[in-house]
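Structure first, then comments.
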Amino acid sequence: MSQPQSKSNRKLITMLLFGAVGMFGFGFALVPLYDVLCDTLGINGKTQSTASVYKPVTVDKNRTVTIEFVSQVQSDMPWEFKPQMNSMQVHPGELIRTHFVAKNLSANHIVGQAIPSVSPGQGAAYFNKTECFCFNQQVLAATATADLPLIFYVDPELPDSITTLTLSYTLYNITDKSYAGSVEQGAAR
Amino acid sequence: MSTITQDTPAAHDDHHDDHHGAPKGIMRWILTTNHKDIGTLYLWFSFIMFLTGGAMAMVIRAELFQPGLQLVEPNFFNQMTTVHGLVMVFGAVMPAFTGLANWLIPMMIGAPDMALPRMNNWSFWILPFAFTILLSSLFMEGGGPNFGWTFYAPLSTTYSPDSTALFVFSVHIMGISSIMGAINVVVTIVNMRAPGMTWMKLPLFVWTWLITAFLLIAVMPVLAGAVTMVLTDKYFATSFFDAAGGGDPVMFQHIFWFFGHPEVYIMILPSFGIISAIVPAFSRKPLFGYASMVYATASIAVLSFLVWAHHMFTTGMPVFAELFFMYCTMLIAVPTGVKVFNWVATMWRGSISFETPMLFAVAFIILFTIGGFSGLMLAITPADFQYHDTYFVVAHFHYVLVTGAIFSIMAAAYYWLPKWTGNMYSESLGRWHFWCSVISVNVLFFPMHFLGLAGMPRRIPDYAIQFADVNQIVSIGGFAFGLSQLIFLAVVIKCIRGGEKAPAKPWEGAEGLEWTIPSPAPYHSFTTPPEVK
Ligand SMILES: [Cu+2]
């Protein structure tokens with residue numbers, strides 16, 4: 001192989017290898033990118049993961065929005081998990097306080113994590129939580145019961161086409177993954 | 001020109017002191033850096049994998065011959081569907097194209113070999129290890145991968161067998177092999193063309209492979225990233241796809257299909273190149289619309305990055321996203337239609353003869369188009385809610401991959417076998433192979449459309465009683481198609497061992513540099529570059 005050709009080969013190989021490595025990185029970059037896109041476009045029904053501050057806004061008394069609460073528990077998790085009310089009528093801008101009830105049915109200490117989702121997805125950006133148990137882990141000792149608080153308000157900017165917002169929580173058992181769980185289990189041993 | 005051939009290896013090529021003919025023994029194959037040897041290795045490997053994956057398909061069709069569970073456990077059935085898919089995609093179709101690229105690209109562009117012969121050796125020889133790892137996981141306690149070749153999370157993370165790490169590593173190795181192969185193809189085509197072989201004179205097989213190679217370099221690393229995330233989610237407590245830890249299982253599908261849709265074009269663009277060589281040869285006319293073929297291939301490649309979510313219409317995407325992906329998908333029908341039109345226009349008023357390569361090529365055009373049309377139906381978002389995950393999808397992608405990709409590979413094998421072996425294959429056996437294949441493949445896959453429309457879900461070992469009759473027909477077609485491929489094996493072995501001697505250009509209408517060198521192609525060809533006018 002002639003000298004200039006092996007030089008241009010090396011240049012091309014380097015470029016292609018950089019391309020391949022870059023695309024490997026791009027695969028991982030898709031992870032934060034996906035979250036950013038869902039956030040900015042307000043899709044995927046994801047609600048914010050930290051508390052928002054309630055800005056006293058004028059309550060729109062002329063409009064009512066139905067809020068429905070749905071709860072699910074991961075199939076292998078021995079908890080009971082129910083909303084205090086299945087649905088309620090609220091005015092946009094009104095600060096609402098409610099709670100979910102969780103009961104640990106097992107004889108073990110269990111750490112749960114509730115993951116919220118709002119449907120329709122476009123409404124998620126208008127559902128503001130000033131306090132939510134889902135911002136933290138939920139720890140329940142064996143057979144214990146707890147009221148899990150939720151304080152929220154609906155942004156009056158909510159598009160007119162949306163009359164019902166469904167807030168769903170899925171509860172996952174994260175005892176194995178959580179620090180609190182491992183400390184407790186370690187102590188019990 | 002050298003007269004040294006694969007069949008009669010000689011110690012020295014008297015033209016070049018530093019080059020010699022094929023060495024003897026097993027070490028020839030292990031240490032070879034010759035593009036023809038490596039092409040042969042790839043093609044045989046691919047054929048063995050084709051039979052292996054085919055055997056798994058036979059298990060699937062045998063179990064589905066009747067409703068109820070007869071032969072295998074559901075978990076084993078799932079392993080069969082999973083590994084059948086993985087073996088056929090990464091073991092049969094992709095290595096077959098790489099084998100063809102190795103054999104043909106240097107001969108087509110007038111180069112003495114691939115640009116990076118040692119890397120070429122490596123990219124082949126790591127493949128058998130990858131598939132040994134993958135297939136051996138089937139015999140482990142808990143079984144092999146059972147989550148579908150698409151390995152959706154959480155099936156591949158929370159609920160997968162202990163052997164999942166082996167699956168991940170084998171996919172890593174396959175990815176490295178493909179990327180090395182692709183880099184080699186790009187460097188060869190860019191730097192090793194004979195003088196006068198300008199871009200718009202390149203044979204279309206070379207063009208389509210160049211574009212395929214760029215697709216491989218772009219998306220195989222993304223697949224490697226996806227399996228790596230599955231690995232860390234399963235074994236190292238990360239939460240890429242685990243909602244409990246803040247991840248999202250739907251994101252898996254986005255990452256996977258960002259790789260997955262370009263991947264299906266990786267498996268079909270080289271086919272387009274093959275058909276674009278064979279149809280003109282047997283129509284005795286130049287290809288209609290060469291330049292538009294190049295542009296169509298390039299635009300298909302670009303569009304392939306904008307359509308991935310058409311696999312995910314039922315995941316609850318916003319309507320504007322569903323519409324975007326629906327229209328982009330349908331847009332791909334335009335460049336694909338250009339290609340089909342060009343092939344038909346090439347045949348128009350040609351003096352056509354139907355030797356086996358042409359039979360497979362014509363069947364490709366008709367049957368691939370059927371697969372394209374069912375793809376268009378699946379692209380219609382509201383209709384997809386009915387078709388999603390049914391046998392309609394199975395029928396669709398087997399039309400484009402079996403009667404598409406595989407048929408084009410068969411066509412290529414028949415077309416270039418005389419050049420590879422120096423002997424003509426048995427035309428009558430070839431025709432037997434073609435007619436048995438083309439009839440049985442339609443008995444096998446066409447009724448699946450109706451099963452899907454009637455609501456039979458894919459990837460299940462048992463089904464409702466009303467699907468029994470059609471499944472029986474499908475299974476019979478499947479067994480017949482499987483057996484027909486043994487005819488192909490017989491043709492190839494017979495052709496290697498002897499037969500009518502092939503001239504340098506056995507096909508009257510064939511064009512290209514590979515037909516200017518003797519048959520069989522000497523071990524070293526174009527050591528002095530030809531002049532291309
Ligand atoms: Cu696709």
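Each chain of the structure tokens is named A, B, ... in the order shown, its residues numbered from 1; ligands are numbered from 1 in display order.
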
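Selecting all polymer residues at most 9 Å from ligand 1, using only C-alpha atoms and all ligand atoms, gives B:Trp257, B:Phe258, B:Gly260, B:His261, B:Pro262, B:Glu263, B:Val264, B:Tyr265, B:Ser304, B:Val307, B:Trp308, B:Ala309, B:His310, B:His311, B:Thr329, B:Gly375, B:Ala379.
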
Strand (DSSP E) residues, from DSSP on the backbone, in stretch 48-166 of chain A, as a PyMOL selection string: chain A and resi 65-73+79-83+87-90+96-104+110-119+127-132+138-140+145-154+164-166

Using only C-alpha atoms and a distance of at most 8 Å, pull out the residues of chain B that contact chain A, as a list in words.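 Matching residues, ligands excluded from the count: Ala115, Ile179, Ile183, Val187, Asn191, Ile217, Ala218, Val219, Pro221, Val222, Leu223, Ala224, Gly225, Ala226, Ala237, Phe240, Ala243, Ala244, Gly246, Met251, Ile255, Gly316, Met317 and Pro318 of chain B.
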
Non-local contacts of stretch 507-513 of chain B (8 Å; only C-alpha atoms; under 3 positions in same chain excluded) as number ranges by chain: B: 107-110, 203, 277-278, 280-285, 516-517

With a distance cut-off of 10 Å and only C-alpha atoms, select the neighbouring residues of B:Leu127, excluding the residue or stretch itself and same-chain residues fewer than 4 positions from it, and output the selection as a ChimeraX atom specification. /B:42,45,90-91,95,122-123,131-133,170-171,173-178

Any chance you can output those residues with N, CA and C atoms as an mmCIF file, in the first residue's frame?
```
data_model
loop_
_atom_site.group_PDB
_atom_site.id
_atom_site.type_symbol
_atom_site.label_atom_id
_atom_site.label_comp_id
_atom_site.auth_asym_id
_atom_site.auth_seq_id
_atom_site.Cartn_x
_atom_site.Cartn_y
_atom_site.Cartn_z
ATOM 1 N N TYR B 42 -17.669 -15.648 5.764
ATOM 2 C CA TYR B 42 -18.912 -14.968 6.144
ATOM 3 C C TYR B 42 -20.121 -15.687 5.553
ATOM 4 N N PHE B 45 -20.729 -19.015 7.252
ATOM 5 C CA PHE B 45 -21.232 -18.757 8.610
ATOM 6 C C PHE B 45 -22.696 -18.358 8.551
ATOM 7 N N PHE B 90 -28.838 -10.992 13.129
ATOM 8 C CA PHE B 90 -27.416 -10.706 13.328
ATOM 9 C C PHE B 90 -26.511 -11.836 12.844
ATOM 10 N N GLY B 91 -27.073 -13.037 12.674
ATOM 11 C CA GLY B 91 -26.240 -14.172 12.286
ATOM 12 C C GLY B 91 -26.381 -14.557 10.838
ATOM 13 N N PRO B 95 -24.405 -10.971 8.285
ATOM 14 C CA PRO B 95 -23.146 -11.550 7.800
ATOM 15 C C PRO B 95 -23.192 -11.950 6.330
ATOM 16 N N TRP B 122 -10.311 -10.087 11.889
ATOM 17 C CA TRP B 122 -10.885 -9.994 13.234
ATOM 18 C C TRP B 122 -12.395 -9.857 13.199
ATOM 19 N N SER B 123 -12.901 -8.999 12.301
ATOM 20 C CA SER B 123 -14.344 -8.760 12.357
ATOM 21 C C SER B 123 -15.101 -10.027 12.015
ATOM 22 N N PHE B 131 -21.887 -15.907 18.712
ATOM 23 C CA PHE B 131 -23.050 -16.785 18.594
ATOM 24 C C PHE B 131 -22.907 -18.033 19.441
ATOM 25 N N THR B 132 -21.665 -18.460 19.714
ATOM 26 C CA THR B 132 -21.500 -19.565 20.651
ATOM 27 C C THR B 132 -22.004 -19.141 22.028
ATOM 28 N N ILE B 133 -21.656 -17.923 22.430
ATOM 29 C CA ILE B 133 -22.114 -17.424 23.726
ATOM 30 C C ILE B 133 -23.638 -17.359 23.752
ATOM 31 N N SER B 170 -22.914 -10.988 23.961
ATOM 32 C CA SER B 170 -22.880 -11.464 22.576
ATOM 33 C C SER B 170 -23.328 -10.348 21.638
ATOM 34 N N VAL B 171 -24.309 -9.537 22.052
ATOM 35 C CA VAL B 171 -24.723 -8.421 21.192
ATOM 36 C C VAL B 171 -23.597 -7.390 21.083
ATOM 37 N N ILE B 173 -20.430 -8.041 21.052
ATOM 38 C CA ILE B 173 -19.431 -8.558 20.104
ATOM 39 C C ILE B 173 -19.952 -8.437 18.676
ATOM 40 N N MET B 174 -21.237 -8.786 18.482
ATOM 41 C CA MET B 174 -21.809 -8.644 17.135
ATOM 42 C C MET B 174 -21.707 -7.198 16.673
ATOM 43 N N GLY B 175 -21.964 -6.268 17.584
ATOM 44 C CA GLY B 175 -21.910 -4.851 17.226
ATOM 45 C C GLY B 175 -20.506 -4.441 16.827
ATOM 46 N N ILE B 176 -19.513 -4.886 17.608
ATOM 47 C CA ILE B 176 -18.126 -4.538 17.277
ATOM 48 C C ILE B 176 -17.764 -5.104 15.909
ATOM 49 N N SER B 177 -18.185 -6.333 15.661
ATOM 50 C CA SER B 177 -17.902 -6.957 14.363
ATOM 51 C C SER B 177 -18.513 -6.144 13.226
ATOM 52 N N SER B 178 -19.780 -5.764 13.390
ATOM 53 C CA SER B 178 -20.439 -5.014 12.315
ATOM 54 C C SER B 178 -19.782 -3.668 12.093
#
```

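Taking atom CA of B:Ser408 and atom CA of B:Pro357 as endpoints, the distance between them is 8.6 Å.
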
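Across the model, the gap from atom CA of A:Cys134 to atom CA of A:Ser106 is 21.4 Å.
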
Using only C-alpha atoms: which of B:Tyr327, B:Tyr391, B:Phe313, B:Phe434 has the shortest distance to B:Val470: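 Closest candidate: B:Tyr391.
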
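Between B:Phe139 and the candidates B:Ala194, B:Gly85, B:Gln79, B:Ile38, the tightest atom-to-atom separation, counting only C-alpha atoms, involves B:Gln79.
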
I need the helix (DSSP H, G or I) residues of chain A per DSSP on the backbone, written as a PyMOL selection string. chain A and resi 3-41+121-126+133-135+179-188

Test item: residues at most 10 Å from B:Ile439, only C-alpha atoms, excluding those fewer than 3 positions along its chain, as a list in words: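 My list of contacting residues is Phe434, Trp435, Cys436, Asn442, Val443, Leu444, Gly477, Ala480 and Phe481 of chain B.
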
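Using only C-alpha atoms, the smallest distance between any of A:Ser117, A:Asn128, A:Asn136, A:Asn86 and A:Leu158 comes from A:Asn128.
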
10 Å contact set for B:Phe397, only C-alpha atoms, chain neighbours under 3 positions out, as number ranges by chain: B: 264, 368, 371-372, 374-375, 391-394, 400-404, 445

Could the residues in this selection be saved with N, CA and C atoms as a PDB file, in the first residue's frame?
```
ATOM      1  N   VAL B 264     -33.456  -2.072   9.953  1.00  0.00           N
ATOM      2  CA  VAL B 264     -34.183  -2.799   8.909  1.00  0.00           C
ATOM      3  C   VAL B 264     -33.716  -2.340   7.526  1.00  0.00           C
ATOM      4  N   PHE B 368     -41.367  -8.288  -2.168  1.00  0.00           N
ATOM      5  CA  PHE B 368     -40.924  -7.188  -1.317  1.00  0.00           C
ATOM      6  C   PHE B 368     -41.945  -6.049  -1.372  1.00  0.00           C
ATOM      7  N   GLY B 371     -44.646  -6.733   0.955  1.00  0.00           N
ATOM      8  CA  GLY B 371     -44.208  -6.387   2.307  1.00  0.00           C
ATOM      9  C   GLY B 371     -44.189  -4.884   2.534  1.00  0.00           C
ATOM     10  N   GLY B 372     -43.866  -4.139   1.497  1.00  0.00           N
ATOM     11  CA  GLY B 372     -43.884  -2.683   1.615  1.00  0.00           C
ATOM     12  C   GLY B 372     -45.291  -2.156   1.813  1.00  0.00           C
ATOM     13  N   SER B 374     -47.895  -3.791   3.139  1.00  0.00           N
ATOM     14  CA  SER B 374     -48.397  -4.062   4.489  1.00  0.00           C
ATOM     15  C   SER B 374     -47.707  -3.137   5.485  1.00  0.00           C
ATOM     16  N   GLY B 375     -46.479  -2.724   5.161  1.00  0.00           N
ATOM     17  CA  GLY B 375     -45.810  -1.738   6.009  1.00  0.00           C
ATOM     18  C   GLY B 375     -46.538  -0.406   5.984  1.00  0.00           C
ATOM     19  N   TYR B 391     -50.175 -11.200  14.226  1.00  0.00           N
ATOM     20  CA  TYR B 391     -49.495 -11.897  13.146  1.00  0.00           C
ATOM     21  C   TYR B 391     -49.429 -11.073  11.876  1.00  0.00           C
ATOM     22  N   PHE B 392     -50.200  -9.991  11.784  1.00  0.00           N
ATOM     23  CA  PHE B 392     -50.084  -9.117  10.615  1.00  0.00           C
ATOM     24  C   PHE B 392     -48.680  -8.521  10.557  1.00  0.00           C
ATOM     25  N   VAL B 393     -48.166  -8.149  11.726  1.00  0.00           N
ATOM     26  CA  VAL B 393     -46.810  -7.610  11.795  1.00  0.00           C
ATOM     27  C   VAL B 393     -45.804  -8.691  11.419  1.00  0.00           C
ATOM     28  N   VAL B 394     -46.048  -9.908  11.915  1.00  0.00           N
ATOM     29  CA  VAL B 394     -45.134 -11.008  11.603  1.00  0.00           C
ATOM     30  C   VAL B 394     -45.101 -11.240  10.096  1.00  0.00           C
ATOM     31  N   VAL B 400     -40.692  -8.660   3.993  1.00  0.00           N
ATOM     32  CA  VAL B 400     -39.559  -7.819   3.616  1.00  0.00           C
ATOM     33  C   VAL B 400     -38.217  -8.473   3.937  1.00  0.00           C
ATOM     34  N   LEU B 401     -38.177  -9.351   4.935  1.00  0.00           N
ATOM     35  CA  LEU B 401     -36.887  -9.942   5.284  1.00  0.00           C
ATOM     36  C   LEU B 401     -36.630 -11.282   4.612  1.00  0.00           C
ATOM     37  N   VAL B 402     -37.644 -12.120   4.462  1.00  0.00           N
ATOM     38  CA  VAL B 402     -37.406 -13.417   3.818  1.00  0.00           C
ATOM     39  C   VAL B 402     -37.517 -13.276   2.306  1.00  0.00           C
ATOM     40  N   THR B 403     -38.688 -12.859   1.816  1.00  0.00           N
ATOM     41  CA  THR B 403     -38.799 -12.712   0.367  1.00  0.00           C
ATOM     42  C   THR B 403     -38.115 -11.437  -0.097  1.00  0.00           C
ATOM     43  N   GLY B 404     -37.712 -10.598   0.829  1.00  0.00           N
ATOM     44  CA  GLY B 404     -36.912  -9.435   0.470  1.00  0.00           C
ATOM     45  C   GLY B 404     -35.435  -9.778   0.614  1.00  0.00           C
ATOM     46  N   PHE B 445     -46.256 -17.417   4.728  1.00  0.00           N
ATOM     47  CA  PHE B 445     -46.447 -16.084   5.282  1.00  0.00           C
ATOM     48  C   PHE B 445     -47.734 -15.388   4.853  1.00  0.00           C
TER      49      PHE B 445
END
```
